[in-house]
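Student: The following block contains the structure, expressed as structure tokens.
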Amino acid sequence: AASDAKAYPYGYEYGYPISRTAVRLTVDHYADSDFQMTIYGPAVEISITIGDHPYIVHYQVEQGEYLTIDSREIQPADRRIFLVKNNGEKVNVFNYRDSTYSVLQKIPPGDIVIDYSRLYGVDLTLFLERSEPKWI
């Protein structure tokens with residue numbers, strides 16, 4: 001369990017790590033956000049948990065390849081989850097997503113935990129979009 005401070009008489013602030021594979025992220029936005037996630041190979045059993053939601057794709061990514069998940073609805077279906085091979089060919093892998101959990105579920109606002117095996121690299125880009133300017 002995480003604690004905000006050790007029991008020192010001097011009150012040093014110390015954030016305990018959640019686990020060796022997890023990181024905390026604060027999403028400063030008012031609504032769920034679309035995202036683009038890129039997973040770099042080699043990767044097997046791709047499973048990344050963001051908040052309490054798992055993002056799982058049952059596809060093997062070889063060394064030098066990368067897999068992209070894009071939740072934005074402006075993307076056509078064959079571009080929402082695709083693999084870029086070493087030769088530059090793009091392969092639609094949408095049907096390899098885990099059907100139990102939506103791999104396209106938007107990322108919630110607030111403090112969230114991202115956890116995965118760290119056996120492969122991941123880039124996560126959030127699209128914090130507004131229909132109006134933010135009031136200050």
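Identifiers for the structure tokens are assigned positionally: chains receive A, B, ... in sequence, residues are indexed from 1 per chain, and ligands are indexed from 1 in the order shown.
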Within 8 Å of Arg97 of chain A, counting only C-alpha atoms, which residues show up once you throw out same-chain ones fewer than 2 positions away? Write them as a ChimeraX atom specification, please.
Tutor: /A:56-58,93-95,99,103
Student: Can you write out as JSON lines which residues of segment 88-128 of chain A fall within 10 Å of segment 41-50 of chain A, alongside each residue's closest atom pair and its distance in Å to one decimal, counting only C-alpha atoms and ordering rows by chain and ascending residue number?
Tutor:
```
{"residue": "A:Arg97", "atom": "CA", "partner": "A:Ile46", "partner_atom": "CA", "distance": 9.7}
{"residue": "A:Asp98", "atom": "CA", "partner": "A:Ser47", "partner_atom": "CA", "distance": 9.6}
{"residue": "A:Val103", "atom": "CA", "partner": "A:Ile48", "partner_atom": "CA", "distance": 9.7}
{"residue": "A:Lys106", "atom": "CA", "partner": "A:Ile50", "partner_atom": "CA", "distance": 9.9}
{"residue": "A:Ile107", "atom": "CA", "partner": "A:Ile50", "partner_atom": "CA", "distance": 7.4}
{"residue": "A:Pro108", "atom": "CA", "partner": "A:Ile50", "partner_atom": "CA", "distance": 8.9}
{"residue": "A:Ile112", "atom": "CA", "partner": "A:Ile50", "partner_atom": "CA", "distance": 6.8}
{"residue": "A:Val113", "atom": "CA", "partner": "A:Ile50", "partner_atom": "CA", "distance": 5.9}
{"residue": "A:Ile114", "atom": "CA", "partner": "A:Ile50", "partner_atom": "CA", "distance": 4.5}
{"residue": "A:Asp115", "atom": "CA", "partner": "A:Thr49", "partner_atom": "CA", "distance": 5.2}
{"residue": "A:Tyr116", "atom": "CA", "partner": "A:Ile48", "partner_atom": "CA", "distance": 4.7}
{"residue": "A:Ser117", "atom": "CA", "partner": "A:Ile48", "partner_atom": "CA", "distance": 7.9}
{"residue": "A:Arg118", "atom": "CA", "partner": "A:Ile48", "partner_atom": "CA", "distance": 9.5}
{"residue": "A:Leu119", "atom": "CA", "partner": "A:Ala43", "partner_atom": "CA", "distance": 7.1}
{"residue": "A:Tyr120", "atom": "CA", "partner": "A:Ala43", "partner_atom": "CA", "distance": 5.6}
{"residue": "A:Gly121", "atom": "CA", "partner": "A:Gly41", "partner_atom": "CA", "distance": 7.3}
{"residue": "A:Val122", "atom": "CA", "partner": "A:Ile48", "partner_atom": "CA", "distance": 9.2}
```
Student: Would you please work out which residue, of A:Thr68, A:Gln60, A:Thr21, A:Asn87, is nearest to Phe35 of chain A when using only C-alpha atoms?
Tutor: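 Closest to Phe35 of chain A, using only C-alpha atoms: A:Thr68.
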Student: Where in segment 53-99 of chain A does DSSP assign strand (DSSP E), given as a list in words?
Tutor: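 Filtering segment 53-99 of chain A to strand (DSSP E) leaves His53, Pro54, Tyr55, Ile56, Val57, Tyr66, Leu67, Thr68, Ile69, Asp70, Ile81, Phe82, Leu83, Val84, Lys90, Val91 and Asn92 of chain A.
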Student: Pick from A:Glu129, A:Asp52, A:Asp28, A:Glu62: nearest to Tyr40 of chain A, with only C-alpha atoms counted?
Tutor: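 The shortest atom-to-atom distance to Tyr40 of chain A comes from A:Glu62.
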Student: Would you please extract all helix (DSSP H, G or I) residues from chain A, as assigned by DSSP on the backbone, and give them as a list in words?
Tutor: Ala77, Asp78, Arg79, Phe94, Asn95 and Tyr96 of chain A
Student: I'd like to know which of A:Ala22, A:Val27, A:Gln105, A:Asn92 is closest to Pro76 of chain A, using only C-alpha atoms.
Tutor: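 The answer is A:Asn92, which sits nearest to Pro76 of chain A.
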Student: Rank nothing, just name the residue among A:Gly64, A:Leu124, A:Glu89, A:Thr26 nearest to Thr38 of chain A, using only C-alpha atoms.
Tutor: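 So, comparing all the options, the nearest one is A:Leu124.
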Student: Smallest atom-to-atom distance to Tyr96 of chain A: which of A:Tyr59, A:Phe82, A:Ser33, A:Glu65, using only C-alpha atoms?
Tutor: A:Tyr59
Student: When you look at Val84 of chain A with a cut-off of 8 Å (counting only C-alpha atoms), what residues show up, excluding the ones that are within fewer than 4 positions of it in the same chain? I need them as a PyMOL selection string.
Tutor: chain A and resi 65-67+88-91
